[in-house]
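A.B. asks: See query_21.pdb below, with PDB, C-alpha atoms.
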MODEL        1
ATOM      1  CA  MET U   7      28.594 191.794  49.281
ATOM      2  CA  GLN U   8      25.188 190.852  47.966
ATOM      3  CA  LYS U   9      25.567 190.224  44.269
ATOM      4  CA  MET U  10      21.901 189.724  43.351
ATOM      5  CA  ILE U  11      18.667 191.666  43.548
ATOM      6  CA  THR U  12      15.392 189.747  43.658
ATOM      7  CA  ILE U  13      12.119 191.340  42.617
ATOM      8  CA  LEU U  14       9.024 189.351  43.499
ATOM      9  CA  GLY U  15       5.322 190.018  43.767
ATOM     10  CA  PRO U  16       1.921 188.752  42.698
ATOM     11  CA  THR U  17       0.743 188.679  39.125
ATOM     12  CA  ALA U  18      -0.129 192.098  37.646
ATOM     13  CA  SER U  19       2.051 193.988  40.149
ATOM     14  CA  GLY U  20       4.474 195.323  37.520
ATOM     15  CA  LYS U  21       7.558 193.289  38.421
ATOM     16  CA  THR U  22       9.045 192.987  34.932
ATOM     17  CA  PRO U  23       9.079 196.691  33.964
ATOM     18  CA  LEU U  24      10.617 197.478  37.349
ATOM     19  CA  ALA U  25      13.309 194.811  36.943
ATOM     20  CA  ALA U  26      14.112 196.033  33.433
ATOM     21  CA  GLY U  27      14.274 199.673  34.515
ATOM     22  CA  LEU U  28      16.535 198.768  37.417
ATOM     23  CA  ALA U  29      18.746 196.624  35.185
ATOM     24  CA  VAL U  30      19.424 199.597  32.910
ATOM     25  CA  VAL U  31      20.618 201.649  35.890
ATOM     26  CA  VAL U  32      22.790 199.027  37.613
ATOM     27  CA  GLY U  33      24.080 197.144  34.565
ATOM     28  CA  GLY U  34      21.939 194.142  35.261
ATOM     29  CA  GLU U  35      20.606 191.082  33.487
ATOM     30  CA  ILE U  36      17.293 189.456  34.379
ATOM     31  CA  ILE U  37      16.849 185.832  35.394
ATOM     32  CA  SER U  38      13.191 184.877  35.112
ATOM     33  CA  ALA U  39      11.546 183.075  38.035
ATOM     34  CA  ASP U  40       8.368 182.068  36.242
ATOM     35  CA  SER U  41       7.519 178.368  35.950
ATOM     36  CA  ARG U  42       5.661 178.763  32.642
ATOM     37  CA  GLN U  43       7.693 181.372  30.770
ATOM     38  CA  VAL U  44      10.337 178.710  30.217
ATOM     39  CA  TYR U  45       8.169 177.314  27.393
ATOM     40  CA  ARG U  46       8.545 178.424  23.795
ATOM     41  CA  ARG U  47       5.453 179.560  21.856
ATOM     42  CA  MET U  48       3.542 180.074  25.108
ATOM     43  CA  ASP U  49       3.826 183.843  25.015
ATOM     44  CA  ILE U  50       0.501 185.588  25.533
ATOM     45  CA  GLY U  51      -0.867 183.184  28.111
ATOM     46  CA  THR U  52       2.280 183.329  30.234
ATOM     47  CA  GLY U  53       2.521 187.116  29.964
ATOM     48  CA  LYS U  54       6.110 187.204  28.727
ATOM     49  CA  ASP U  55       5.708 190.814  27.568
ATOM     50  CA  LEU U  56       9.205 190.693  26.086
ATOM     51  CA  ALA U  57       8.904 194.301  24.905
ATOM     52  CA  ASP U  58       9.136 195.314  28.587
ATOM     53  CA  TYR U  59      12.782 194.205  28.657
ATOM     54  CA  GLY U  60      13.901 196.711  26.034
ATOM     55  CA  GLY U  61      17.509 195.834  25.372
ATOM     56  CA  VAL U  62      18.099 194.227  28.773
ATOM     57  CA  PRO U  63      19.429 190.643  28.488
ATOM     58  CA  TYR U  64      17.164 188.012  30.026
ATOM     59  CA  HIS U  65      17.602 184.350  30.905
ATOM     60  CA  LEU U  66      15.452 181.219  31.471
ATOM     61  CA  ILE U  67      12.706 182.284  29.073
ATOM     62  CA  ASP U  68      11.946 180.156  25.992
ATOM     63  CA  ILE U  69      14.266 177.323  27.007
ATOM     64  CA  SER U  70      11.873 174.350  26.915
ATOM     65  CA  GLU U  71       9.397 172.904  24.429
ATOM     66  CA  PRO U  72       5.657 173.164  25.170
ATOM     67  CA  GLY U  73       4.153 169.841  26.106
ATOM     68  CA  THR U  74       7.171 168.915  28.244
ATOM     69  CA  LYS U  75       7.206 169.208  32.017
ATOM     70  CA  TYR U  76      10.028 171.457  33.144
ATOM     71  CA  ASN U  77      10.594 171.118  36.879
ATOM     72  CA  LEU U  78      12.192 172.651  39.948
ATOM     73  CA  PHE U  79      15.284 170.441  39.724
ATOM     74  CA  GLN U  80      15.951 171.648  36.174
ATOM     75  CA  TYR U  81      15.250 175.238  37.146
ATOM     76  CA  GLN U  82      17.754 175.195  39.969
ATOM     77  CA  GLN U  83      20.474 173.894  37.645
ATOM     78  CA  ASP U  84      19.631 176.381  34.887
ATOM     79  CA  PHE U  85      19.434 179.259  37.342
ATOM     80  CA  TYR U  86      22.858 178.561  38.785
ATOM     81  CA  SER U  87      24.416 178.345  35.332
ATOM     82  CA  ALA U  88      22.887 181.703  34.357
ATOM     83  CA  TYR U  89      23.797 183.282  37.709
ATOM     84  CA  THR U  90      27.471 182.278  37.598
ATOM     85  CA  ASP U  91      27.724 183.405  33.969
ATOM     86  CA  ILE U  92      26.250 186.838  34.742
ATOM     87  CA  VAL U  93      28.388 187.390  37.830
ATOM     88  CA  GLY U  94      31.474 186.156  35.982
ATOM     89  CA  ARG U  95      30.976 188.862  33.364
ATOM     90  CA  GLY U  96      30.667 191.575  36.026
ATOM     91  CA  ALA U  97      26.949 192.209  35.501
ATOM     92  CA  VAL U  98      24.307 192.304  38.231
ATOM     93  CA  PRO U  99      21.870 189.357  38.277
ATOM     94  CA  ILE U 100      18.272 190.397  38.908
ATOM     95  CA  LEU U 101      15.952 187.500  39.734
ATOM     96  CA  CYS U 102      12.403 188.474  38.789
ATOM     97  CA  GLY U 103       9.169 186.544  38.950
ATOM     98  CA  GLY U 104       6.210 185.278  40.882
ATOM     99  CA  THR U 105       6.878 181.552  41.257
ATOM    100  CA  GLY U 106       7.665 181.508  44.955
ATOM    101  CA  LEU U 107       8.910 177.932  45.022
ATOM    102  CA  TYR U 108      11.499 178.638  42.321
ATOM    103  CA  ILE U 109      12.654 181.809  44.071
ATOM    104  CA  GLU U 110      12.970 180.168  47.476
ATOM    105  CA  ALA U 111      14.720 177.091  46.068
ATOM    106  CA  VAL U 112      17.559 179.130  44.585
ATOM    107  CA  LEU U 113      17.876 181.688  47.375
ATOM    108  CA  LYS U 114      17.990 179.025  50.074
ATOM    109  CA  GLY U 115      19.957 176.483  48.021
ATOM    110  CA  TYR U 116      17.453 173.646  48.324
ATOM    111  CA  GLN U 117      19.071 170.218  48.090
ATOM    112  CA  LEU U 118      17.059 168.538  45.343
ATOM    113  CA  SER U 119      17.144 165.206  43.574
ATOM    114  CA  TYR U 120      15.896 164.220  40.163
ATOM    115  CA  VAL U 121      12.874 162.001  40.772
ATOM    116  CA  PRO U 122      11.807 159.742  37.879
ATOM    117  CA  GLN U 123       8.147 159.058  37.131
ATOM    118  CA  ASN U 124       6.432 156.286  39.075
ATOM    119  CA  PRO U 125       3.922 154.609  36.700
ATOM    120  CA  GLU U 126       2.383 152.456  39.454
ATOM    121  CA  LEU U 127       1.757 155.483  41.650
ATOM    122  CA  ARG U 128       0.342 157.470  38.745
ATOM    123  CA  GLN U 129      -2.073 154.678  37.867
ATOM    124  CA  ARG U 130      -3.168 154.447  41.502
ATOM    125  CA  LEU U 131      -3.845 158.194  41.705
ATOM    126  CA  GLU U 132      -5.570 158.493  38.325
ATOM    127  CA  GLY U 133      -9.160 159.691  38.664
ATOM    128  CA  LYS U 134      -8.737 161.282  42.091
ATOM    129  CA  SER U 135      -9.932 164.867  42.462
ATOM    130  CA  LEU U 136      -7.604 167.803  43.022
ATOM    131  CA  ASP U 137      -8.969 168.140  46.574
ATOM    132  CA  GLU U 138      -8.195 164.482  47.328
ATOM    133  CA  LEU U 139      -4.722 164.786  45.849
ATOM    134  CA  THR U 140      -4.056 168.010  47.769
ATOM    135  CA  GLN U 141      -4.975 166.292  51.030
ATOM    136  CA  MET U 142      -2.597 163.419  50.239
ATOM    137  CA  LEU U 143       0.139 165.893  49.346
ATOM    138  CA  ASN U 144      -0.316 167.830  52.585
ATOM    139  CA  GLU U 145      -0.002 164.611  54.600
ATOM    140  CA  LEU U 146       3.223 163.701  52.780
ATOM    141  CA  LYS U 147       4.611 167.212  53.292
ATOM    142  CA  ALA U 148       3.920 166.926  57.017
ATOM    143  CA  LYS U 149       5.835 163.626  57.145
ATOM    144  CA  ASN U 150       8.743 165.087  55.189
ATOM    145  CA  GLY U 151       8.751 168.447  56.963
ATOM    146  CA  SER U 152       8.651 169.885  53.434
ATOM    147  CA  ASN U 153       8.053 173.476  52.371
ATOM    148  CA  MET U 154       7.852 172.472  48.714
ATOM    149  CA  HIS U 155       4.786 172.215  46.510
ATOM    150  CA  ASN U 156       2.646 175.054  47.791
ATOM    151  CA  THR U 157      -0.794 175.355  46.173
ATOM    152  CA  THR U 158       0.543 178.308  44.198
ATOM    153  CA  ASP U 159       2.088 175.825  41.778
ATOM    154  CA  VAL U 160      -0.067 172.737  42.359
ATOM    155  CA  ASP U 161      -3.314 173.897  40.769
ATOM    156  CA  THR U 162      -4.126 170.926  38.518
ATOM    157  CA  ALA U 163      -4.455 167.193  39.205
ATOM    158  CA  GLN U 164      -1.413 166.393  37.048
ATOM    159  CA  ARG U 165       0.769 168.836  38.961
ATOM    160  CA  ALA U 166      -0.506 167.466  42.275
ATOM    161  CA  ILE U 167       0.302 163.896  41.179
ATOM    162  CA  ARG U 168       3.840 164.939  40.218
ATOM    163  CA  ALA U 169       4.253 166.681  43.581
ATOM    164  CA  ILE U 170       3.066 163.540  45.406
ATOM    165  CA  GLU U 171       5.502 161.500  43.309
ATOM    166  CA  ILE U 172       8.389 163.712  44.429
ATOM    167  CA  GLU U 173       7.354 163.814  48.087
ATOM    168  CA  GLU U 174       6.908 160.011  48.207
ATOM    169  CA  ALA U 175      10.313 159.503  46.595
ATOM    170  CA  ASN U 176      11.938 161.861  49.083
ATOM    171  CA  LEU U 177      10.257 159.951  51.909
ATOM    172  CA  LYS U 178      11.299 156.484  50.745
ATOM    173  CA  THR U 179      14.320 156.659  48.454
ATOM    174  CA  PRO U 180      17.660 158.377  49.113
ATOM    175  CA  TYR U 181      18.195 159.776  45.597
ATOM    176  CA  PRO U 182      21.460 161.710  45.157
ATOM    177  CA  ARG U 183      20.832 165.368  45.903
ATOM    178  CA  THR U 184      22.229 168.474  44.298
ATOM    179  CA  SER U 185      24.589 170.661  46.254
ATOM    180  CA  VAL U 186      24.228 174.311  45.304
ATOM    181  CA  PRO U 187      25.012 177.213  47.612
ATOM    182  CA  PRO U 188      22.366 179.630  48.882
ATOM    183  CA  ILE U 189      22.405 183.012  47.166
ATOM    184  CA  ASP U 190      22.641 186.211  49.176
ATOM    185  CA  SER U 191      20.186 188.692  47.672
ATOM    186  CA  LEU U 192      18.460 191.957  48.389
ATOM    187  CA  ILE U 193      14.787 190.971  48.097
ATOM    188  CA  ILE U 194      12.271 193.546  46.893
ATOM    189  CA  GLY U 195       8.546 192.802  47.025
ATOM    190  CA  VAL U 196       6.140 194.782  44.858
ATOM    191  CA  CYS U 197       3.030 195.383  46.921
ATOM    192  CA  ILE U 198      -0.239 196.186  45.166
ATOM    193  CA  ASP U 199      -3.611 196.959  46.725
ATOM    194  CA  ARG U 200      -5.940 193.969  46.400
ATOM    195  CA  GLU U 201      -8.719 195.848  44.631
ATOM    196  CA  LEU U 202      -6.302 197.493  42.213
ATOM    197  CA  ARG U 203      -4.725 194.104  41.583
ATOM    198  CA  ARG U 204      -8.149 192.640  40.774
ATOM    199  CA  GLN U 205      -8.864 195.449  38.322
ATOM    200  CA  LYS U 206      -5.501 195.014  36.595
ATOM    201  CA  ILE U 207      -5.950 191.247  36.354
ATOM    202  CA  THR U 208      -9.345 191.642  34.680
ATOM    203  CA  ARG U 209      -8.083 194.303  32.258
ATOM    204  CA  ARG U 210      -5.037 192.247  31.410
ATOM    205  CA  LEU U 211      -7.075 189.107  30.815
ATOM    206  CA  LYS U 212      -9.355 190.951  28.402
ATOM    207  CA  ALA U 213      -6.327 192.430  26.629
ATOM    208  CA  ARG U 214      -4.651 189.049  26.250
ATOM    209  CA  LEU U 215      -7.778 187.548  24.785
ATOM    210  CA  ASP U 216      -7.946 190.465  22.344
ATOM    211  CA  GLU U 217      -4.268 189.903  21.480
ATOM    212  CA  GLY U 218      -4.970 186.334  20.367
ATOM    213  CA  MET U 219      -4.530 184.096  23.399
ATOM    214  CA  VAL U 220      -7.174 181.664  22.152
ATOM    215  CA  ASP U 221      -5.412 181.417  18.791
ATOM    216  CA  GLU U 222      -2.119 180.793  20.586
ATOM    217  CA  VAL U 223      -3.565 177.821  22.467
ATOM    218  CA  ARG U 224      -5.312 176.551  19.322
ATOM    219  CA  SER U 225      -1.989 176.655  17.492
ATOM    220  CA  LEU U 226      -0.347 174.583  20.244
ATOM    221  CA  LEU U 227      -3.119 172.005  20.017
ATOM    222  CA  ASP U 228      -2.885 171.973  16.223
ATOM    223  CA  SER U 229       0.870 171.323  16.482
ATOM    224  CA  GLY U 230       0.104 167.996  18.137
ATOM    225  CA  ILE U 231       0.419 168.836  21.831
ATOM    226  CA  PRO U 232      -2.234 166.803  23.712
ATOM    227  CA  ALA U 233      -4.926 168.818  25.477
ATOM    228  CA  ASP U 234      -4.055 167.201  28.822
ATOM    229  CA  ASN U 235      -0.486 168.467  28.525
ATOM    230  CA  LEU U 236      -1.706 172.043  28.116
ATOM    231  CA  ILE U 237      -4.253 171.655  30.906
ATOM    232  CA  TYR U 238      -1.325 170.582  33.108
ATOM    233  CA  TYR U 239       0.092 174.119  32.916
ATOM    234  CA  GLY U 240      -3.009 175.526  34.636
ATOM    235  CA  LEU U 241      -4.621 178.968  34.475
ATOM    236  CA  GLU U 242      -4.855 180.365  30.921
ATOM    237  CA  TYR U 243      -3.794 177.137  29.234
ATOM    238  CA  LYS U 244      -6.151 174.998  31.287
ATOM    239  CA  TYR U 245      -9.297 177.064  30.757
ATOM    240  CA  VAL U 246      -8.684 178.098  27.152
ATOM    241  CA  THR U 247      -7.954 174.484  26.245
ATOM    242  CA  GLU U 248     -11.159 173.354  27.933
ATOM    243  CA  TYR U 249     -13.018 175.966  25.886
ATOM    244  CA  LEU U 250     -11.402 174.824  22.639
ATOM    245  CA  ILE U 251     -12.205 171.134  23.235
ATOM    246  CA  GLY U 252     -15.810 171.998  24.048
ATOM    247  CA  LYS U 253     -15.875 171.532  27.820
ATOM    248  CA  LEU U 254     -16.642 175.204  28.494
ATOM    249  CA  THR U 255     -18.426 178.005  26.714
ATOM    250  CA  TYR U 256     -16.471 181.186  26.056
ATOM    251  CA  ASP U 257     -18.235 183.012  28.908
ATOM    252  CA  GLU U 258     -17.655 180.107  31.297
ATOM    253  CA  MET U 259     -14.000 180.057  30.285
ATOM    254  CA  PHE U 260     -13.597 183.777  30.938
ATOM    255  CA  GLN U 261     -15.401 183.730  34.299
ATOM    256  CA  ARG U 262     -13.590 180.677  35.652
ATOM    257  CA  LEU U 263     -10.213 181.864  34.426
ATOM    258  CA  GLU U 264     -10.685 185.312  35.936
ATOM    259  CA  ILE U 265     -11.539 183.761  39.317
ATOM    260  CA  ALA U 266      -8.602 181.352  39.063
ATOM    261  CA  ILE U 267      -6.110 184.168  38.392
ATOM    262  CA  HIS U 268      -7.432 186.162  41.353
ATOM    263  CA  GLN U 269      -7.033 183.074  43.548
ATOM    264  CA  PHE U 270      -3.552 182.471  42.145
ATOM    265  CA  ALA U 271      -2.446 186.012  43.046
ATOM    266  CA  LYS U 272      -3.747 185.525  46.568
ATOM    267  CA  ARG U 273      -1.795 182.267  46.900
ATOM    268  CA  GLN U 274       1.337 183.984  45.631
ATOM    269  CA  MET U 275       1.088 186.531  48.444
ATOM    270  CA  THR U 276       0.516 183.717  50.942
ATOM    271  CA  TRP U 277       3.764 182.118  49.762
ATOM    272  CA  PHE U 278       5.726 185.365  50.043
ATOM    273  CA  ARG U 279       4.404 185.975  53.566
ATOM    274  CA  GLY U 280       5.475 182.419  54.351
ATOM    275  CA  MET U 281       8.967 183.223  53.096
ATOM    276  CA  GLU U 282       9.116 186.041  55.627
ATOM    277  CA  ARG U 283       8.120 183.622  58.396
ATOM    278  CA  ARG U 284      10.867 181.289  57.191
ATOM    279  CA  GLY U 285      13.511 183.966  57.718
ATOM    280  CA  PHE U 286      13.662 185.962  54.467
ATOM    281  CA  THR U 287      13.656 189.754  54.676
ATOM    282  CA  ILE U 288      11.462 191.210  51.936
ATOM    283  CA  HIS U 289      11.520 194.976  51.450
ATOM    284  CA  TRP U 290       8.061 195.903  50.170
ATOM    285  CA  ILE U 291       7.522 198.872  47.881
ATOM    286  CA  ASP U 292       4.269 200.330  46.596
ATOM    287  CA  ALA U 293       3.452 199.278  43.042
ATOM    288  CA  THR U 294       1.719 202.614  42.361
ATOM    289  CA  LEU U 295       4.814 204.747  42.965
ATOM    290  CA  PRO U 296       6.399 206.347  39.876
ATOM    291  CA  MET U 297       9.014 204.107  38.270
ATOM    292  CA  GLU U 298      11.869 206.507  39.033
ATOM    293  CA  GLU U 299      10.882 206.611  42.695
ATOM    294  CA  LYS U 300      10.747 202.816  42.947
ATOM    295  CA  ILE U 301      14.170 202.462  41.344
ATOM    296  CA  GLN U 302      15.710 205.118  43.591
ATOM    297  CA  SER U 303      14.225 203.384  46.631
ATOM    298  CA  ILE U 304      15.839 200.086  45.613
ATOM    299  CA  LEU U 305      19.186 201.776  44.950
ATOM    300  CA  GLN U 306      19.070 203.367  48.391
ATOM    301  CA  MET U 307      18.316 200.001  50.029
ATOM    302  CA  ARG U 308      21.167 198.416  48.089
ATOM    303  CA  SER U 309      23.542 201.150  49.211
ATOM    304  CA  GLN U 310      22.508 200.729  52.843
ATOM    305  CA  VAL U 311      23.142 196.995  52.635
ATOM    306  CA  LYS U 312      26.611 197.616  51.198
ATOM    307  CA  ASP U 313      27.380 200.048  54.007
ATOM    308  CA  LEU U 314      26.600 197.367  56.591
ATOM    309  CA  ILE U 315      29.020 194.845  55.072
ATOM    310  CA  THR U 316      32.649 194.987  56.142
ATOM    311  CA  PRO U 317      35.554 194.311  53.747
ATOM    312  CA  ASP U 318      36.219 190.975  55.483
ATOM    313  CA  ASN U 319      32.928 189.419  54.380
ATOM    314  CA  SER U 320      32.304 191.314  51.181
TER
ENDMDL
END
Just dump the structure as structure tokens.

C.D. replies:
Amino acid sequence: MQKMITILGPTASGKTPLAAGLAVVVGGEIISADSRQVYRRMDIGTGKDLADYGGVPYHLIDISEPGTKYNLFQYQQDFYSAYTDIVGRGAVPILCGGTGLYIEAVLKGYQLSYVPQNPELRQRLEGKSLDELTQMLNELKAKNGSNMHNTTDVDTAQRAIRAIEIEEANLKTPYPRTSVPPIDSLIIGVCIDRELRRQKITRRLKARLDEGMVDEVRSLLDSGIPADNLIYYGLEYKYVTEYLIGKLTYDEMFQRLEIAIHQFAKRQMTWFRGMERRGFTIHWIDATLPMEEKIQSILQMRSQVKDLITPDNS
């Protein structure tokens, strides 16, 4: 029987409140699938919205220090530890987030290896533009037959260099690979109209700025985290940092960040559609439905899946 429920969707689609509401009904605990919410003290910019969880236990949030570079290999290990713990206690794991690469890696059981940094490669790539790096990455992916490192998560030069580092290592060096099983999961996609999504993104960006997002980034810089390390995280941390170090005006920061988030949401949907082409079944539900209706729809899907599974393979 499927033990896990996955809730995915683009930014601003309302995934977290839905996951929390569902968790209350089914006795669930949430495993975050967000590549930036792992960092402590990066709250407003990553949209943790911890109040949305109510009393529902959550995992893989606030587990790494800002300025470090948490990666897919670490995520897969941490996910599996959380998953086995939750299942072992008889609770229902609910994977929730918008980082498609993280979601696919754990559902499919990607075989991954820890790839150390390559200083020579990094020096060689230093100064290249994101477009140049992306082209190099795409060529390496074609050689490797790799589905990893979609542009959803490679949106800064530093991230692209790290992705190239990993793809080159996988091409040349047989590093020991992890062996984790794929996870059978009912996958729910939260579908939101593009124009409504754009409106919500803009409103949410304004609200986060009002809530003190600039002060949050300033505090991280003041704590000694280099600007380049924050820029590495992309989106809010990239553009707000560039504003604080004088590269952008406030208006330029807002306009460029707003565009970048819209583009990010579009790339997220491209990844999820790619998952469907790669064999995943995603059950899409309308983000605008009342919460109770969305939860009942998921419960009905879950019941139908159970009915199709015989005792021999449950």

A.B. asks: I'd like the contact shell of range 223-237 of chain U - 7 Å cut-off, only C-alpha atoms, skipping same-chain residues fewer than 3 positions apart - returned as a ChimeraX atom specification.

C.D. replies: /U:73,219-220,240,243-244,246-247

A.B. asks: Residues of range 78-126 of chain U that approach range 21-45 of chain U to 8 Å or less, counting all atoms listed in the file: could you list each one with the shortest pair of atoms and its distance in Å to one decimal, rows by chain and increasing residue number, as CSV?

C.D. replies:
residue,atom,partner,partner_atom,distance
U:Phe85,CA,U:Ile37,CA,7.3
U:Ala88,CA,U:Ile37,CA,7.4
U:Tyr89,CA,U:Ile37,CA,7.8
U:Ile92,CA,U:Glu35,CA,7.2
U:Ala97,CA,U:Gly34,CA,5.4
U:Val98,CA,U:Gly34,CA,4.2
U:Pro99,CA,U:Glu35,CA,5.2
U:Ile100,CA,U:Ile36,CA,4.7
U:Leu101,CA,U:Ile37,CA,4.7
U:Cys102,CA,U:Ser38,CA,5.2
U:Gly103,CA,U:Ala39,CA,4.3
U:Gly104,CA,U:Asp40,CA,6.0
U:Thr105,CA,U:Asp40,CA,5.3
U:Tyr108,CA,U:Ala39,CA,6.2
U:Ile109,CA,U:Ala39,CA,6.3

A.B. asks: Identify all residues satisfying the PyMOL selection byres ((chain U and resi 211-214) around 12) in the given file; provide them as a PyMOL selection string.

C.D. replies: chain U and resi 17-18+49-55+204-210+215-223+241-242+246+257+259-268

A.B. asks: Keeping only C-alpha atoms, write the selected residues to a file as a tab-separated table (two decimals), keeping the file's coordinate frame.

C.D. replies:
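Generated output (selection19.tsv):
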chain	number	residue	atom	x	y	z
U	17	THR	CA	0.74	188.68	39.12
U	18	ALA	CA	-0.13	192.10	37.65
U	49	ASP	CA	3.83	183.84	25.02
U	50	ILE	CA	0.50	185.59	25.53
U	51	GLY	CA	-0.87	183.18	28.11
U	52	THR	CA	2.28	183.33	30.23
U	53	GLY	CA	2.52	187.12	29.96
U	54	LYS	CA	6.11	187.20	28.73
U	55	ASP	CA	5.71	190.81	27.57
U	204	ARG	CA	-8.15	192.64	40.77
U	205	GLN	CA	-8.86	195.45	38.32
U	206	LYS	CA	-5.50	195.01	36.60
U	207	ILE	CA	-5.95	191.25	36.35
U	208	THR	CA	-9.35	191.64	34.68
U	209	ARG	CA	-8.08	194.30	32.26
U	210	ARG	CA	-5.04	192.25	31.41
U	215	LEU	CA	-7.78	187.55	24.78
U	216	ASP	CA	-7.95	190.46	22.34
U	217	GLU	CA	-4.27	189.90	21.48
U	218	GLY	CA	-4.97	186.33	20.37
U	219	MET	CA	-4.53	184.10	23.40
U	220	VAL	CA	-7.17	181.66	22.15
U	221	ASP	CA	-5.41	181.42	18.79
U	222	GLU	CA	-2.12	180.79	20.59
U	223	VAL	CA	-3.56	177.82	22.47
U	241	LEU	CA	-4.62	178.97	34.48
U	242	GLU	CA	-4.86	180.36	30.92
U	246	VAL	CA	-8.68	178.10	27.15
U	257	ASP	CA	-18.24	183.01	28.91
U	259	MET	CA	-14.00	180.06	30.28
U	260	PHE	CA	-13.60	183.78	30.94
U	261	GLN	CA	-15.40	183.73	34.30
U	262	ARG	CA	-13.59	180.68	35.65
U	263	LEU	CA	-10.21	181.86	34.43
U	264	GLU	CA	-10.68	185.31	35.94
U	265	ILE	CA	-11.54	183.76	39.32
U	266	ALA	CA	-8.60	181.35	39.06
U	267	ILE	CA	-6.11	184.17	38.39
U	268	HIS	CA	-7.43	186.16	41.35

A.B. asks: Between CA of Phe286 in chain U and CA of Ser19 in chain U, measure the distance and give it in Å to one decimal.

C.D. replies: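 Separating CA of Phe286 in chain U from CA of Ser19 in chain U is a distance of 20.1 Å.
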
A.B. asks: Env of Met281 in chain U: 10 Å cut, atoms = only C-alpha atoms, seq-sep filter 5 positions within chain, self excluded. Answer as an NGL selection string.

C.D. replies: :U and (106-107 or 109-110 or 153 or 275-276 or 286-288)

A.B. asks: Go ahead and compute the interatomic distance for CA of Tyr238 in chain U and CA of Ser70 in chain U, in Å to one decimal.

C.D. replies: 15.1 Å

A.B. asks: Counting only C-alpha atoms, which of U:Thr74, U:Thr255, U:Gln274, U:Gln306 gets nearest to Gly195 in chain U?

C.D. replies: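 Closest candidate: U:Gln274.
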
A.B. asks: As an exercise, work out the distance from CA of Val311 in chain U to CA of Met10 in chain U in Å and give it to one decimal place.

C.D. replies: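 Between these atoms lies a distance of 11.9 Å.
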
A.B. asks: When you look at Ser135 in chain U with a cut-off of 12 Å (counting all atoms listed in the file), what residues show up, excluding the ones that are within fewer than 5 positions of it in the same chain? I need them as a ChimeraX atom specification.

C.D. replies: /U:140-142,161-167

A.B. asks: Hey, which of U:Leu78, U:Lys9, U:Arg130, U:Ile67 ends up closest to Gly96 in chain U? Count only C-alpha atoms.

C.D. replies: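 Using only C-alpha atoms, Gly96 in chain U sits closest to U:Lys9.
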
A.B. asks: Given 4 Å on each side, where is the centre and what are the edge lengths in Å to one decimal of the axis-aligned box enclosing the listed atoms of range 227-230 of chain U, as lines of an AutoDock Vina configuration file?

C.D. replies:
center_x = -1.1
center_y = 170.0
center_z = 18.1
size_x = 12.0
size_y = 12.0
size_z = 11.8

A.B. asks: I need the output of the PyMOL selection byres ((chain U and resi 116) around 9) for this file as an MDAnalysis selection string; which residues are they?

C.D. replies: chainID U and resid 82 110:115 117:118 184:188

A.B. asks: When you count all atoms listed in the file, which of these residues is closest to Leu139 in chain U: U:Gln269, U:Ile170, U:Met48, U:Trp277?

C.D. replies: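 So, comparing all the options, the nearest one is U:Ile170.
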
A.B. asks: Please provide the set of residues having any atom within 9 Å of Val121 in chain U, restricted to only C-alpha atoms, with same-chain residues fewer than 6 positions apart removed, written as a PDB file with C-alpha atoms, in the frame of the given file.

C.D. replies:
ATOM      1  CA  PHE U  79      15.284 170.441  39.724  1.00  0.00           C
ATOM      2  CA  GLU U 171       5.502 161.500  43.309  1.00  0.00           C
ATOM      3  CA  ILE U 172       8.389 163.712  44.429  1.00  0.00           C
ATOM      4  CA  ALA U 175      10.313 159.503  46.595  1.00  0.00           C
ATOM      5  CA  ASN U 176      11.938 161.861  49.083  1.00  0.00           C
ATOM      6  CA  TYR U 181      18.195 159.776  45.597  1.00  0.00           C
TER       7      TYR U 181
END
